[in-house]
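Everything below belongs to entry.txt, which stores compact mmCIF, C-alpha atoms (C1' of nucleotides).
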```
# COMPACT_ATOMS: atom_id res chain seq x y z
CA MET A 1 26.10 20.49 -21.33
CA ASN A 2 29.55 19.13 -20.50
CA SER A 3 32.33 18.68 -23.06
CA ALA A 4 31.57 14.96 -23.39
CA ASN A 5 28.53 16.06 -25.41
CA SER A 6 30.68 18.30 -27.62
CA VAL A 7 32.79 17.56 -30.67
CA VAL A 8 36.02 19.51 -31.11
CA VAL A 9 37.08 19.80 -34.76
CA LEU A 10 40.78 20.61 -34.99
CA ASP A 11 43.52 21.28 -37.49
CA PHE A 12 47.29 21.65 -37.13
CA GLU A 13 49.68 23.58 -39.37
CA THR A 14 53.14 22.06 -38.95
CA THR A 15 56.74 22.31 -40.08
CA GLY A 16 56.40 19.04 -42.02
CA LEU A 17 54.73 15.67 -42.14
CA SER A 18 56.20 13.68 -39.29
CA PRO A 19 56.68 14.47 -35.58
CA THR A 20 58.96 11.44 -35.34
CA GLN A 21 61.32 13.19 -37.79
CA GLY A 22 61.47 16.36 -35.70
CA ASP A 23 58.54 18.24 -37.18
CA ARG A 24 56.54 20.49 -34.83
CA ALA A 25 53.19 22.22 -34.76
CA ILE A 26 53.24 25.91 -35.74
CA GLU A 27 49.50 26.65 -35.46
CA ILE A 28 46.44 24.98 -34.02
CA GLY A 29 42.87 25.91 -34.85
CA ALA A 30 39.73 24.30 -33.51
CA VAL A 31 36.02 24.83 -33.12
CA LYS A 32 33.63 23.26 -30.63
CA LEU A 33 30.40 21.85 -32.04
CA GLN A 34 27.34 21.33 -29.89
CA GLN A 35 24.24 19.91 -31.62
CA GLY A 36 25.52 21.05 -34.99
CA VAL A 37 26.28 24.62 -33.92
CA ILE A 38 29.77 26.13 -33.52
CA VAL A 39 29.75 27.45 -29.95
CA ASP A 40 33.44 28.18 -29.35
CA HIS A 41 36.73 28.42 -31.20
CA PHE A 42 40.49 28.23 -30.51
CA GLN A 43 43.31 29.62 -32.64
CA GLN A 44 46.96 30.12 -31.74
CA LEU A 45 50.30 30.29 -33.51
CA ILE A 46 53.08 28.23 -31.91
CA ASN A 47 56.79 29.03 -31.91
CA PRO A 48 58.49 25.73 -32.89
CA GLY A 49 61.90 26.86 -31.68
CA PHE A 50 63.54 26.83 -35.12
CA ARG A 51 63.08 28.48 -38.51
CA ILE A 52 60.46 27.00 -40.81
CA THR A 53 61.21 26.35 -44.48
CA HIS A 54 60.28 28.65 -47.34
CA PHE A 55 57.94 25.94 -48.59
CA ILE A 56 55.93 25.98 -45.34
CA GLU A 57 55.87 29.79 -45.33
CA GLN A 58 54.43 29.73 -48.84
CA TYR A 59 52.06 26.81 -48.13
CA THR A 60 50.52 28.25 -44.97
CA GLY A 61 51.13 31.98 -45.20
CA ILE A 62 52.70 31.72 -41.74
CA THR A 63 56.10 33.43 -41.65
CA ASN A 64 59.14 33.10 -39.40
CA ALA A 65 58.50 36.69 -38.30
CA MET A 66 55.01 35.73 -37.14
CA LEU A 67 56.32 32.70 -35.25
CA ASN A 68 59.08 34.68 -33.55
CA GLU A 69 56.34 36.56 -31.70
CA ALA A 70 54.29 33.42 -30.90
CA PRO A 71 54.18 31.61 -27.54
CA SER A 72 55.82 28.23 -27.05
CA SER A 73 54.10 24.89 -27.52
CA HIS A 74 54.22 24.43 -23.73
CA ILE A 75 51.90 27.38 -23.18
CA VAL A 76 49.61 26.80 -26.16
CA MET A 77 49.09 23.09 -25.62
CA HIS A 78 48.14 23.53 -21.97
CA ASP A 79 45.49 26.01 -23.10
CA PHE A 80 44.33 23.68 -25.85
CA ALA A 81 44.13 20.66 -23.54
CA ASP A 82 41.84 22.73 -21.31
CA PHE A 83 39.79 23.75 -24.37
CA MET A 84 39.37 20.12 -25.51
CA GLY A 85 38.35 18.77 -22.15
CA ASP A 86 36.91 15.29 -22.64
CA ALA A 87 35.21 16.08 -25.96
CA ASN A 88 35.42 13.70 -28.91
CA LEU A 89 37.62 14.91 -31.76
CA VAL A 90 37.29 15.25 -35.53
CA ALA A 91 39.91 16.16 -38.13
CA HIS A 92 40.36 15.80 -41.89
CA ASN A 93 42.83 12.94 -42.34
CA ALA A 94 42.73 12.56 -38.57
CA SER A 95 45.72 10.22 -38.37
CA PHE A 96 47.94 13.18 -39.29
CA ASP A 97 46.53 15.58 -36.67
CA GLN A 98 46.38 12.83 -34.04
CA ARG A 99 50.10 12.15 -34.43
CA PHE A 100 50.93 15.82 -33.82
CA LEU A 101 48.41 16.17 -30.99
CA ASP A 102 49.86 13.12 -29.26
CA ALA A 103 53.43 14.34 -29.76
CA GLU A 104 52.81 17.89 -28.54
CA LEU A 105 50.75 16.78 -25.52
CA ALA A 106 53.37 14.17 -24.59
CA ARG A 107 55.91 16.98 -24.26
CA ILE A 108 53.82 18.59 -21.51
CA HIS A 109 52.57 15.33 -19.96
CA ARG A 110 48.94 16.07 -20.77
CA HIS A 111 46.41 13.56 -22.09
CA TYR A 112 42.95 13.51 -23.60
CA SER A 113 40.11 11.03 -23.24
CA GLY A 114 38.05 11.79 -26.35
CA ARG A 115 37.96 9.51 -29.39
CA PHE A 116 39.04 10.58 -32.89
CA ALA A 117 36.91 10.41 -36.03
CA CYS A 118 38.12 11.29 -39.53
CA SER A 119 36.04 13.39 -41.92
CA MET A 120 38.12 12.16 -44.86
CA LEU A 121 37.51 8.45 -44.19
CA VAL A 122 33.78 9.08 -43.69
CA ALA A 123 33.59 11.32 -46.79
CA ARG A 124 35.22 8.62 -48.93
CA ARG A 125 32.24 6.41 -48.01
CA ILE A 126 29.48 9.03 -48.21
CA TYR A 127 30.70 10.95 -51.28
CA PRO A 128 32.35 8.31 -53.49
CA ASP A 129 31.55 10.39 -56.57
CA ALA A 130 33.68 13.39 -55.49
CA SER A 131 36.66 13.93 -57.81
CA ASN A 132 38.96 13.53 -54.82
CA HIS A 133 38.65 13.80 -51.03
CA GLN A 134 40.82 16.78 -50.24
CA LEU A 135 39.11 19.18 -47.83
CA SER A 136 38.87 21.97 -50.42
CA THR A 137 37.33 19.64 -53.00
CA LEU A 138 34.72 18.30 -50.56
CA VAL A 139 33.79 21.85 -49.49
CA ALA A 140 33.20 22.80 -53.14
CA HIS A 141 31.53 19.46 -53.96
CA ASN A 142 28.93 20.07 -51.24
CA ARG A 143 28.56 23.80 -51.98
CA ILE A 144 29.71 24.70 -48.45
CA GLU A 145 30.54 28.37 -48.04
CA GLN A 146 34.32 28.82 -47.70
CA GLN A 147 35.46 30.25 -44.37
CA GLY A 148 38.78 32.13 -44.58
CA ASP A 149 41.86 30.80 -46.34
CA PHE A 150 42.69 27.13 -46.83
CA HIS A 151 45.85 26.01 -45.03
CA ARG A 152 45.29 28.22 -41.99
CA ALA A 153 44.35 26.18 -38.95
CA LEU A 154 41.16 27.91 -37.79
CA ALA A 155 39.73 28.26 -41.32
CA ASP A 156 40.44 24.59 -42.08
CA ALA A 157 38.92 23.55 -38.74
CA GLU A 158 35.80 25.63 -39.44
CA MET A 159 35.41 24.15 -42.92
CA THR A 160 35.99 20.63 -41.58
CA ALA A 161 33.28 21.30 -38.98
CA LEU A 162 30.86 22.49 -41.66
CA LEU A 163 31.71 19.44 -43.78
CA TRP A 164 31.21 17.16 -40.75
CA GLN A 165 27.80 18.69 -40.10
CA HIS A 166 26.94 18.37 -43.80
CA ILE A 167 27.82 14.68 -43.64
CA LEU A 168 25.55 14.24 -40.59
CA ASP A 169 22.73 16.03 -42.43
CA THR A 170 23.29 13.83 -45.50
CA LEU A 171 23.01 10.70 -43.37
CA CYS A 172 19.90 12.04 -41.59
CA GLN A 173 18.22 12.63 -44.94
CA ARG A 174 19.24 9.20 -46.17
CA TRP A 175 17.68 7.51 -43.12
CA GLN A 176 15.00 10.09 -42.26
CA CYS A 177 16.32 9.87 -38.71
CA GLN A 178 17.93 11.82 -35.91
CA ALA A 179 21.61 12.80 -35.97
CA PRO A 180 23.96 9.79 -35.95
CA SER A 181 25.95 9.35 -32.77
CA PHE A 182 29.70 9.94 -32.67
CA ALA A 183 30.16 6.23 -31.96
CA MET A 184 28.21 5.39 -35.11
CA MET A 185 30.38 7.76 -37.17
CA ALA A 186 33.54 6.25 -35.68
CA ALA A 187 32.27 2.81 -36.70
CA LEU A 188 31.25 4.01 -40.17
CA GLN A 189 34.76 5.25 -41.01
CA LYS A 190 36.09 1.71 -40.57
CA GLN A 191 33.43 -0.09 -42.62
CA PRO A 192 34.57 -1.78 -45.82
CA LYS A 193 32.82 -0.03 -48.71
CA ALA A 194 31.28 -3.31 -49.83
CA ASN A 195 29.57 -3.56 -46.43
CA LEU A 196 28.07 -0.04 -46.31
CA GLU A 197 24.50 -0.90 -47.33
CA ARG A 198 24.35 -3.65 -44.70
CA PHE A 199 25.85 -1.28 -42.12
CA PHE A 200 23.25 1.43 -42.90
CA ALA A 201 20.38 -1.08 -42.82
CA LYS A 202 21.48 -2.45 -39.46
CA TYR A 203 21.75 1.07 -38.02
CA ALA A 204 18.27 1.97 -39.30
CA ASP A 205 16.84 -1.19 -37.73
CA ASN A 206 18.44 -0.36 -34.38
CA GLN A 207 16.97 3.16 -34.47
CA SER A 208 13.46 1.99 -35.27
CA SER A 209 13.40 -0.72 -32.60
C1' DT B 210 70.13 17.86 -55.22
C1' DG B 211 66.80 14.83 -53.68
C1' DC B 212 64.61 12.75 -50.18
C1' DC B 213 62.47 12.23 -45.59
C1' DA B 214 55.93 9.57 -42.53
C1' DG B 215 52.10 6.77 -41.80
C1' DG B 216 47.52 4.90 -42.39
C1' DC B 217 43.97 3.80 -45.64
C1' DC B 218 42.49 1.63 -49.79
C1' DC B 219 42.42 -0.25 -54.45
C1' DT B 220 43.99 -3.76 -57.66
C1' DC B 221 46.83 -6.11 -62.64
C1' DT B 222 46.30 -8.30 -54.38
C1' DT B 223 47.10 -11.08 -50.03
C1' DT B 224 54.77 -13.75 -50.10
C1' DA B 225 52.93 -6.35 -53.20
C1' DG B 226 52.90 -2.02 -55.04
C1' DG B 227 51.38 2.42 -55.44
C1' DG B 228 48.04 6.42 -55.07
C1' DC B 229 45.68 9.39 -51.80
C1' DC B 230 45.67 12.69 -47.88
C1' DT B 231 47.69 15.58 -44.27
C1' DT B 232 52.18 19.90 -43.67
```

Would you write out, as structure tokens, the structure that this file holds?
Amino acid sequence: MNSANSVVVLDFETTGLSPTQGDRAIEIGAVKLQQGVIVDHFQQLINPGFRITHFIEQYTGITNAMLNEAPSSHIVMHDFADFMGDANLVAHNASFDQRFLDAELARIHRHYSGRFACSMLVARRIYPDASNHQLSTLVAHNRIEQQGDFHRALADAEMTALLWQHILDTLCQRWQCQAPSFAMMAALQKQPKANLERFFAKYADNQSS
DNA sequence: TGCCAGGCCCTCTTTAGGGCCTT
């Protein structure tokens, strides 16, 4: 099975919220899903080249001392680009991780061909009754076993992957059908909520025909 | 000391404003 049949679920820890304001990645974690099973993982701290704030140290548990020993983004992102291959990508609030992925890859002139899907946008449509749609809340809401500590990249990527698979299982049960395609999920995340029932009905018709 | 981004989505909307979500 080549990587085009895989989904890579990724998560960045960063120095802040915006790469356009000088923020950099300090850790990347990712898992590779094939047919609902985690078959590989990637985790690496990244030295951003400057000291991170006390807030980020407290938020992530990643310290300046840890980052002083970490390799540069140049080395890590080449490895991660090889890990991704041409797989499709999933992240929680994907627009955030996509901005940092694009910025860090641009620095080393690497590119990716996979498409992004967002577990948060899909979860807002599938679990409208959740109290909120933070990753930790959705993990608890769906009684998913917590993996490691929130706000570390690999643990968040693993929990996002388990949430993503739980969403696929929820949709399979709703339609009594096979696993939805990545393209279907990418379309679902853009559907207006008022159009969801029509969207689901159309998808079910296409599967049965 | 306080603030800094950007996309989505809802509503008391669309010539706008503000909350959510990510670090």

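Considering only C-alpha atoms, the residue among A:His109, A:His166, A:Lys190, A:Arg174 positioned nearest to Leu121 (chain A) is A:Lys190.
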
Next on the checklist: Residues of chain A were defined as contacting chain B if any atom lay at most 8 Å from it, counting all atoms listed in the file; please report them as a ChimeraX atom specification.
Outcome noted: /A:13-18,21,56,92-93,95-97,133-134

Checklist entry - Taking into account only C-alpha atoms, which residue in the set A:Ala194, A:Ile46, A:Ile167, A:Leu135 is nearest to Ala94 (chain A)? => result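 Among A:Ala194, A:Ile46, A:Ile167, A:Leu135, it is A:Leu135 that comes nearest to Ala94 (chain A).
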
Item to check | Interatomic distance, CA of Leu168 (chain A) to CA of Asp86 (chain A) (Å, one decimal) | outcome: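 If I compute the distance from CA of Leu168 (chain A) to CA of Asp86 (chain A), I get 21.3 Å.
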
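All residues of protein, DNA or RNA that reach within 9 Å of Phe42 (chain A), judged by only C-alpha atoms (C1' of nucleotides) and not counting those fewer than 2 positions away in the chain, are A:Leu10, A:Ile28, A:Gly29, A:Ala30, A:Val31, A:Lys32, A:Asp40, A:Gln44, A:Phe80, A:Phe83, A:Leu154.
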